[in-house]
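S.K.: Here you go, coords-v8.txt (compact mmCIF, C-alpha atoms and all ligand atoms):
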# COMPACT_ATOMS: atom_id res chain seq x y z
CA MET A 1 115.66 44.68 127.15
CA ILE A 2 118.58 42.29 127.29
CA SER A 3 121.63 43.16 125.21
CA LEU A 4 124.93 41.60 124.25
CA ILE A 5 127.74 43.81 122.98
CA THR A 6 130.90 42.40 121.43
CA GLY A 7 133.97 44.58 121.81
CA GLY A 8 132.23 46.06 124.84
CA ALA A 9 135.34 46.65 126.93
CA GLN A 10 136.34 49.90 125.25
CA GLY A 11 135.59 52.39 122.50
CA ILE A 12 132.27 52.23 120.66
CA GLY A 13 131.24 48.98 122.35
CA PHE A 14 131.85 50.38 125.85
CA ALA A 15 129.94 53.58 125.10
CA THR A 16 127.08 51.46 123.75
CA ALA A 17 127.05 49.43 126.96
CA GLU A 18 126.81 52.67 128.98
CA HIS A 19 123.91 53.92 126.85
CA PHE A 20 122.04 50.60 126.98
CA ILE A 21 122.42 50.47 130.77
CA ALA A 22 121.10 54.04 130.95
CA ARG A 23 117.93 53.03 129.09
CA GLY A 24 117.44 50.16 131.52
CA ASP A 25 118.88 47.20 129.62
CA LYS A 26 120.51 44.21 131.23
CA VAL A 27 123.85 44.10 129.46
CA CYS A 28 126.51 41.52 128.69
CA ILE A 29 129.85 42.69 127.29
CA PHE A 30 132.04 40.21 125.43
CA ASP A 31 135.63 41.10 124.62
CA ARG A 32 139.00 39.43 124.23
CA ALA A 33 140.54 41.83 126.80
CA GLY A 34 139.70 44.38 129.47
CA VAL A 35 136.34 42.98 130.57
CA ALA A 36 137.07 43.11 134.31
CA GLU A 37 138.12 46.78 134.15
CA ALA A 38 135.08 47.60 132.03
CA LYS A 39 132.75 45.85 134.47
CA GLU A 40 134.20 47.93 137.31
CA LYS A 41 133.20 51.08 135.44
CA LEU A 42 129.83 49.80 134.16
CA GLY A 43 128.62 48.34 137.46
CA PRO A 44 128.08 45.01 139.18
CA ASP A 45 124.93 44.10 137.26
CA VAL A 46 126.85 43.83 133.99
CA LEU A 47 127.78 40.37 132.79
CA ALA A 48 131.37 40.53 131.52
CA ILE A 49 132.72 37.63 129.48
CA GLU A 50 136.21 37.28 128.07
CA GLY A 51 136.42 35.59 124.68
CA ASP A 52 137.22 35.87 121.00
CA VAL A 53 134.54 36.69 118.42
CA THR A 54 136.22 34.36 115.91
CA ASN A 55 135.80 31.38 118.25
CA GLN A 56 132.37 29.83 117.70
CA ALA A 57 132.38 27.88 120.97
CA GLU A 58 133.24 30.99 123.01
CA VAL A 59 130.62 33.05 121.20
CA ASP A 60 127.92 30.40 121.66
CA ALA A 61 128.84 30.09 125.34
CA ALA A 62 128.54 33.87 125.82
CA VAL A 63 125.13 33.95 124.15
CA ALA A 64 123.98 30.98 126.25
CA LEU A 65 125.25 32.53 129.50
CA THR A 66 123.55 35.85 128.69
CA ILE A 67 120.24 34.06 128.15
CA GLU A 68 120.70 31.93 131.28
CA THR A 69 121.65 34.94 133.43
CA PHE A 70 119.09 37.48 132.24
CA GLY A 71 116.36 35.27 130.79
CA GLY A 72 116.64 36.17 127.10
CA LEU A 73 118.41 38.18 124.43
CA ASP A 74 116.78 41.07 122.54
CA THR A 75 119.68 43.06 121.09
CA LEU A 76 123.12 42.28 119.73
CA VAL A 77 125.67 44.94 118.80
CA THR A 78 128.84 43.72 117.11
CA ALA A 79 131.49 46.30 117.97
CA ALA A 80 134.55 44.05 118.15
CA GLY A 81 136.89 44.87 115.31
CA ILE A 82 140.40 45.69 114.21
CA VAL A 83 142.04 48.05 111.72
CA THR A 84 145.34 47.97 109.87
CA VAL A 85 147.01 50.61 107.71
CA GLU A 86 149.39 49.11 105.15
CA PRO A 87 150.08 49.53 101.42
CA ALA A 88 148.16 46.92 99.43
CA LEU A 89 151.41 45.77 97.80
CA ASP A 90 152.70 44.69 101.24
CA VAL A 91 149.63 43.01 102.72
CA ALA A 92 150.40 39.38 103.59
CA PRO A 93 147.68 36.76 103.11
CA GLU A 94 147.71 36.06 106.86
CA ALA A 95 147.09 39.74 107.67
CA PHE A 96 144.29 39.93 105.12
CA MET A 97 142.63 36.79 106.45
CA ARG A 98 142.98 37.95 110.06
CA MET A 99 141.09 41.13 109.13
CA MET A 100 138.34 39.12 107.45
CA ASN A 101 138.22 36.69 110.37
CA VAL A 102 137.83 39.29 113.10
CA ASN A 103 135.71 41.88 111.29
CA VAL A 104 133.51 39.65 109.13
CA LEU A 105 133.39 36.16 110.65
CA GLY A 106 133.63 37.80 114.09
CA SER A 107 130.45 39.74 113.28
CA PHE A 108 128.66 36.80 111.67
CA LEU A 109 129.21 34.23 114.44
CA PRO A 110 127.64 36.32 117.23
CA ALA A 111 124.79 37.30 114.90
CA GLN A 112 124.11 33.68 113.95
CA SER A 113 124.25 32.55 117.56
CA ALA A 114 121.96 35.36 118.72
CA ALA A 115 119.56 34.86 115.82
CA ARG A 116 119.13 31.17 116.65
CA HIS A 117 117.69 32.28 119.99
CA MET A 118 115.83 35.34 118.71
CA SER A 119 114.11 33.41 115.90
CA GLU A 120 112.48 31.11 118.47
CA ASN A 121 111.74 33.77 121.07
CA GLY A 122 109.81 36.57 119.44
CA GLY A 123 112.57 38.22 117.41
CA GLY A 124 115.12 40.86 118.22
CA SER A 125 117.48 43.43 116.79
CA ILE A 126 121.05 43.15 115.52
CA VAL A 127 123.24 46.20 114.94
CA PHE A 128 126.52 45.67 113.11
CA ILE A 129 129.21 48.31 113.44
CA GLY A 130 130.33 48.84 109.86
CA SER A 131 132.20 51.93 108.67
CA VAL A 132 132.13 54.67 106.09
CA TYR A 133 134.89 52.51 104.61
CA GLY A 134 132.28 49.86 103.92
CA SER A 135 130.98 52.14 101.18
CA VAL A 136 134.14 53.76 99.76
CA GLY A 137 137.78 52.82 99.41
CA ALA A 138 140.90 54.41 100.86
CA PRO A 139 144.64 54.01 100.33
CA LYS A 140 146.45 51.64 102.71
CA ARG A 141 143.15 50.31 104.01
CA THR A 142 142.42 47.59 101.45
CA ALA A 143 141.87 44.78 103.92
CA TYR A 144 139.86 47.00 106.30
CA CYS A 145 137.67 48.38 103.51
CA ALA A 146 137.11 44.86 102.13
CA SER A 147 136.05 43.66 105.56
CA LYS A 148 133.64 46.54 106.17
CA GLY A 149 132.13 46.26 102.68
CA ALA A 150 131.56 42.59 103.50
CA VAL A 151 129.89 43.49 106.80
CA HIS A 152 127.47 45.87 105.07
CA ASN A 153 126.57 43.35 102.37
CA MET A 154 126.34 40.48 104.84
CA MET A 155 123.96 42.61 106.91
CA GLN A 156 121.70 43.09 103.88
CA SER A 157 121.68 39.36 103.17
CA LEU A 158 120.81 38.57 106.78
CA ALA A 159 118.07 41.19 106.67
CA THR A 160 116.44 39.31 103.80
CA GLU A 161 116.60 35.98 105.64
CA TRP A 162 115.91 37.03 109.19
CA GLY A 163 113.35 39.80 108.68
CA PRO A 164 110.61 37.18 108.22
CA LEU A 165 111.78 35.65 111.52
CA GLY A 166 111.16 38.94 113.35
CA ILE A 167 114.81 39.90 113.62
CA ARG A 168 115.66 43.43 112.52
CA VAL A 169 119.18 43.74 111.13
CA ASN A 170 120.99 47.03 110.45
CA ALA A 171 124.47 48.53 110.38
CA LEU A 172 126.02 51.77 111.53
CA ALA A 173 128.68 53.36 109.34
CA PRO A 174 130.73 55.68 111.54
CA THR A 175 133.35 58.12 110.36
CA GLY A 176 136.45 58.43 112.54
CA VAL A 177 135.49 58.06 116.19
CA ARG A 178 137.59 59.18 119.16
CA THR A 179 138.38 55.71 120.55
CA PRO A 180 141.58 53.85 121.50
CA MET A 181 141.61 52.42 117.93
CA VAL A 182 141.86 55.89 116.37
CA GLN A 183 144.11 57.25 119.14
CA ASN A 184 146.54 54.46 118.28
CA LEU A 185 146.51 55.52 114.61
CA ILE A 186 147.01 59.16 115.60
CA ASP A 187 149.91 58.23 117.90
CA ASN A 188 151.58 56.38 115.03
CA GLY A 189 151.10 59.19 112.51
CA LEU A 190 148.60 57.12 110.52
CA TYR A 191 145.55 59.39 110.83
CA ASN A 192 145.09 62.59 108.84
CA MET A 193 142.81 64.52 111.21
CA THR A 194 143.00 67.69 109.11
CA GLY A 195 141.94 65.77 106.00
CA VAL A 196 139.01 64.17 107.80
CA ARG A 197 137.87 67.52 109.19
CA ASN A 198 138.14 69.16 105.77
CA ARG A 199 135.98 66.51 104.12
CA THR A 200 133.41 66.47 106.94
CA PRO A 201 130.68 69.15 106.63
CA LEU A 202 130.23 69.08 110.41
CA GLY A 203 133.98 69.64 110.72
CA ARG A 204 135.01 66.98 113.25
CA ILE A 205 135.27 63.28 114.00
CA ALA A 206 132.64 61.55 116.15
CA GLU A 207 132.58 60.74 119.84
CA PRO A 208 131.87 57.12 120.87
CA GLU A 209 128.67 58.30 122.59
CA GLU A 210 127.34 59.52 119.23
CA ILE A 211 127.66 56.05 117.73
CA ALA A 212 126.13 54.54 120.87
CA ALA A 213 123.14 56.89 120.60
CA ALA A 214 122.52 55.65 117.05
CA ALA A 215 122.73 52.04 118.28
CA VAL A 216 120.13 52.90 120.93
CA PHE A 217 117.83 54.20 118.19
CA LEU A 218 118.33 51.24 115.81
CA SER A 219 117.58 48.76 118.60
CA SER A 220 114.54 50.68 119.89
CA PRO A 221 110.83 50.25 119.07
CA GLY A 222 111.05 53.63 117.30
CA ALA A 223 113.10 51.93 114.59
CA ALA A 224 110.54 49.14 114.11
CA MET A 225 110.44 49.70 110.31
CA VAL A 226 114.18 50.33 109.86
CA HIS A 227 115.64 47.13 108.44
CA GLY A 228 118.53 46.26 106.14
CA ALA A 229 119.83 49.82 106.44
CA VAL A 230 123.33 51.22 106.64
CA LEU A 231 123.05 54.37 108.73
CA PRO A 232 125.99 56.75 108.36
CA VAL A 233 127.03 58.48 111.57
CA ASP A 234 129.65 60.60 109.92
CA GLY A 235 128.86 64.30 110.03
CA GLY A 236 128.23 64.19 106.27
CA TRP A 237 131.62 62.65 105.36
CA ILE A 238 130.09 60.19 102.88
CA ALA A 239 127.78 62.83 101.39
CA ASN A 240 130.65 65.12 100.49
CA GLY A 241 132.22 64.35 97.11
CA PHE A 242 133.96 67.70 96.86
CA THR A 243 137.75 67.52 96.50
CA TRP A 244 140.27 70.07 97.66
N1 LIG B 301 137.04 54.32 115.81
C1 LIG B 301 136.69 54.58 114.56
O1 LIG B 301 137.12 55.61 113.98
C2 LIG B 301 135.79 53.67 113.81
C3 LIG B 301 135.18 54.14 112.65
C4 LIG B 301 134.34 53.32 111.93
C5 LIG B 301 134.12 52.03 112.37
N2 LIG B 301 134.73 51.59 113.51
C6 LIG B 301 134.48 50.22 113.90
O2 LIG B 301 133.85 50.19 115.16
C7 LIG B 301 134.23 48.99 115.85
C8 LIG B 301 134.76 49.38 117.23
O3 LIG B 301 135.87 50.23 117.03
P1 LIG B 301 136.55 51.05 118.21
O4 LIG B 301 137.04 52.29 117.60
O5 LIG B 301 135.65 51.09 119.38
O6 LIG B 301 137.80 50.11 118.46
P2 LIG B 301 138.61 49.80 119.80
O7 LIG B 301 139.89 49.16 119.35
O8 LIG B 301 138.69 50.99 120.65
O9 LIG B 301 137.69 48.70 120.50
C9 LIG B 301 137.48 47.47 119.86
C10 LIG B 301 137.25 46.40 120.91
O10 LIG B 301 137.10 45.15 120.21
C11 LIG B 301 137.82 44.17 120.91
N3 LIG B 301 138.22 43.09 120.01
C12 LIG B 301 139.05 43.16 118.94
N4 LIG B 301 139.21 41.95 118.40
C13 LIG B 301 138.46 41.10 119.13
C14 LIG B 301 138.22 39.71 119.05
N5 LIG B 301 138.81 38.94 118.12
N6 LIG B 301 137.37 39.14 119.95
C15 LIG B 301 136.78 39.90 120.91
N7 LIG B 301 136.98 41.22 121.03
C16 LIG B 301 137.82 41.81 120.15
C17 LIG B 301 139.04 44.91 121.48
O11 LIG B 301 139.63 44.19 122.57
C18 LIG B 301 138.43 46.24 121.88
O12 LIG B 301 137.96 46.23 123.22
C19 LIG B 301 135.25 48.29 114.94
O13 LIG B 301 134.60 47.33 114.16
C20 LIG B 301 135.74 49.40 114.08
O14 LIG B 301 136.22 48.94 112.83
C21 LIG B 301 135.54 52.37 114.24
Would you mind writing the file's structure down as C-alpha cells?
M.R.:
Amino acid sequence: MISLITGGAQGIGFATAEHFIARGDKVCIFDRAGVAEAKEKLGPDVLAIEGDVTNQAEVDAAVALTIETFGGLDTLVTAAGIVTVEPALDVAPEAFMRMMNVNVLGSFLPAQSAARHMSENGGGSIVFIGSVYGSVGAPKRTAYCASKGAVHNMMQSLATEWGPLGIRVNALAPTGVRTPMVQNLIDNGLYNMTGVRNRTPLGRIAEPEEIAAAAVFLSSPGAAMVHGAVLPVDGGWIANGFTW
C-alpha cells in the first residue's frame, strides 16, 4: 500500500510511518519541520516533504508528489497537530483560530486532497488522529478540546459522504501518549501524570507505537467494515467515570 502521514517527523506520526514501512507500505511523511532527520531514521525509500498542513497548495503538492513517486495513494493518516494549555478566560482569538486552523483545517485539507484521488482510483482509507478530548472537556484545554471534537464530528460527516465512494474514514482517540508534545507539557509542569494514571484502568499513558498499531489496523483489510468510528486507544480512560 501507499501511505501519506502528516506530522510524520516525530511522535505518533513518526511511529505510524515506522509501522507502515514494517508492513511493506511505501510511505510519504509530510511535516513542517524535521523531515530530513526523520528520513534518515526511516530509510532512503521514504518520501519526505516539508510543508504546512494549513497550506492547501503545499498539501496538494505533497499528495501529487506521493502519487507521482509511488503510483497511487491508499492511506492517509493525519497526525499533524498542536496543543495549548491556557485558561479559557485568557485565550486570544488568534490562538483559538490557530488551533482550529492546524488541528481541524489541517486535517481536512489533506483528507480532501487525498479523497479526490482515492474517489477516482478504487477508494482508500483515512485515519484522523483525534483525542479522548474530542469526546470530553478539560480545564485549560478549551481550544484543543473544541478542535478535537470538530475532528471527530468532521470525520463522521466525511464518512457519510465518502463511504459510497469507497473511502473508509475513521479516527483514533488516544489518551496521553509519550511523544515530544506531551514531554513538553511535562517539562513545563502542565501535565498531571498521577491524575492520568489514576483515571486510567490500565494505569499508564500510551506509547506512540500503540497508536501506530491501531492506525495499522484501521487502514488494513481487516477493518473493511469499520467506518465512521472513533476508536479510543486510551487504556480505558474514557470508560472510567469514577471520581476520586
Ligand atoms: N501525545 C498525546 O498525548 C496525544 C494524545 C491525543 C491526541 N494526540 C494528537 O496526536 C497528534 C500527534 O501528536 P504528537 O503527540 O505526536 O505530537 P508531536 O508534537 O510530537 O508531533 C506532531 C507533529 O506535527 C507537526 N506539525 C504541527 N503543526 C504542523 C503543521 N501546521 N503542518 C505540518 N506539520 C505540523 C509537528 O512538526 C510534529 O512533527 C496531534 O493531533 C495530537 O493532538 C496526541
S.K.: Between atom O9 of ligand LIG 301 (chain B) and atom CA of Val196 of chain A, what is the spacing in Å?
M.R.: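 Atom-to-atom, atom CA of Val196 of chain A and atom O9 of ligand LIG 301 (chain B) are spaced 20.1 Å apart.
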S.K.: Once you add 5 Å to each side, what are the centre and edge lengths of the axis-aligned box holding all listed atoms of ligand LIG 301 (chain B)? One decimal in Å, as AutoDock Vina command-line options, if you can.
M.R.:
--center_x 136.9 --center_y 47.3 --center_z 117.6 --size_x 16.0 --size_y 26.7 --size_z 21.3
S.K.: Residues at most 8 Å from Gly8 of chain A, counting all atoms listed in the file, excluding those fewer than 4 positions away in the same chain, as a VMD selection string?
M.R.: chain A and resid 12 to 17 29 to 31 35 38 79 to 80
S.K.: Quote the spacing between atom CA of Pro232 of chain A and atom CA of Thr200 of chain A in Å to one decimal place.
M.R.: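 Spanning atom CA of Pro232 of chain A to atom CA of Thr200 of chain A is a straight-line distance of 12.3 Å.
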S.K.: Which residue is closest to ligand LIG 301 (chain B)? Choose from A:Val27, A:Ala239, A:Ala61, A:Val151 and count all atoms listed in the file.
M.R.: A:Val151
S.K.: Counting all atoms listed in the file, which residue out of A:Asp187, A:Glu94, A:Glu58, A:Glu120 sits closest to Gly72 of chain A?
M.R.: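 Comparing A:Asp187, A:Glu94, A:Glu58, A:Glu120 against Gly72 of chain A, the winner is A:Glu120.
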S.K.: Quick one: residues within 7 Å of ligand LIG 301 (chain B), with only C-alpha atoms and all ligand atoms, as a ChimeraX atom specification?
M.R.: /A:6-13,30-34,51-54,79-83,102-103,106,129-132,173-182
S.K.: Would you put the residues from that selection into a file with C-alpha atoms, as a tab-separated table (two decimals), keeping the file's coordinate frame?
M.R.:
chain	number	residue	atom	x	y	z
A	6	THR	CA	130.90	42.40	121.43
A	7	GLY	CA	133.97	44.58	121.81
A	8	GLY	CA	132.23	46.06	124.84
A	9	ALA	CA	135.34	46.65	126.93
A	10	GLN	CA	136.34	49.90	125.25
A	11	GLY	CA	135.59	52.39	122.50
A	12	ILE	CA	132.27	52.23	120.66
A	13	GLY	CA	131.24	48.98	122.35
A	30	PHE	CA	132.04	40.21	125.43
A	31	ASP	CA	135.63	41.10	124.62
A	32	ARG	CA	139.00	39.43	124.23
A	33	ALA	CA	140.54	41.83	126.80
A	34	GLY	CA	139.70	44.38	129.47
A	51	GLY	CA	136.42	35.59	124.68
A	52	ASP	CA	137.22	35.87	121.00
A	53	VAL	CA	134.54	36.69	118.42
A	54	THR	CA	136.22	34.36	115.91
A	79	ALA	CA	131.49	46.30	117.97
A	80	ALA	CA	134.55	44.05	118.15
A	81	GLY	CA	136.89	44.87	115.31
A	82	ILE	CA	140.40	45.69	114.21
A	83	VAL	CA	142.04	48.05	111.72
A	102	VAL	CA	137.83	39.29	113.10
A	103	ASN	CA	135.71	41.88	111.29
A	106	GLY	CA	133.63	37.80	114.09
A	129	ILE	CA	129.21	48.31	113.44
A	130	GLY	CA	130.33	48.84	109.86
A	131	SER	CA	132.20	51.93	108.67
A	132	VAL	CA	132.13	54.67	106.09
A	173	ALA	CA	128.68	53.36	109.34
A	174	PRO	CA	130.73	55.68	111.54
A	175	THR	CA	133.35	58.12	110.36
A	176	GLY	CA	136.45	58.43	112.54
A	177	VAL	CA	135.49	58.06	116.19
A	178	ARG	CA	137.59	59.18	119.16
A	179	THR	CA	138.38	55.71	120.55
A	180	PRO	CA	141.58	53.85	121.50
A	181	MET	CA	141.61	52.42	117.93
A	182	VAL	CA	141.86	55.89	116.37
S.K.: Quote the spacing between atom CA of Ile67 of chain A and atom CA of Met99 of chain A in Å to one decimal place.
M.R.: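 Calculated distance between atom CA of Ile67 of chain A and atom CA of Met99 of chain A is 29.1 Å.
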S.K.: When you look at Pro201 of chain A with a cut-off of 8 Å (counting only C-alpha atoms), what residues show up, excluding the ones that are within fewer than 6 positions of it in the same chain? I need them as a PyMOL selection string.
M.R.: chain A and resi 235-237+240
S.K.: A:Asn101, A:Thr243, A:Val59, A:Leu158: which is nearest Gly195 of chain A, counting only C-alpha atoms?
M.R.: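 For Gly195 of chain A, the nearest of the candidates is A:Thr243.
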S.K.: Identify which of the residues A:Ala215, A:Cys28, A:Cys145, A:Met118 lies closest to Val85 of chain A, counting all atoms listed in the file when measuring atom-to-atom distances.
M.R.: A:Cys145
S.K.: Hey, what's within 8 Å of Ala159 of chain A if we count only C-alpha atoms and toss same-chain stuff fewer than 6 positions away? As a PDB file with C-alpha atoms, keeping the file's coordinate frame, please?
M.R.:
ATOM      1  CA  ILE A 167     114.810  39.900 113.620  1.00  0.00           C
ATOM      2  CA  ARG A 168     115.660  43.430 112.520  1.00  0.00           C
ATOM      3  CA  VAL A 169     119.180  43.740 111.130  1.00  0.00           C
ATOM      4  CA  ASN A 170     120.990  47.030 110.450  1.00  0.00           C
ATOM      5  CA  HIS A 227     115.640  47.130 108.440  1.00  0.00           C
ATOM      6  CA  GLY A 228     118.530  46.260 106.140  1.00  0.00           C
TER       7      GLY A 228
END
S.K.: Using all atoms listed in the file, find the one residue out of A:Glu86, A:Glu161, A:Asp25, A:Glu68 that sits nearest to Gln112 of chain A.
M.R.: A:Glu161
S.K.: Which residue is closest to Asp60 of chain A? Choose from A:Ser113, A:Ser125, A:Thr75, A:Thr84 and count only C-alpha atoms.
M.R.: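 Closest residue, counting only C-alpha atoms: A:Ser113.
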S.K.: Can you pull out every residue within 7 Å of Ala171 of chain A, counting only C-alpha atoms, but drop anything in the same chain fewer than 6 positions away, and send it as JSON, numbers by chain?
M.R.: {"A": [127, 128, 129, 130, 152, 155, 229, 230, 231]}
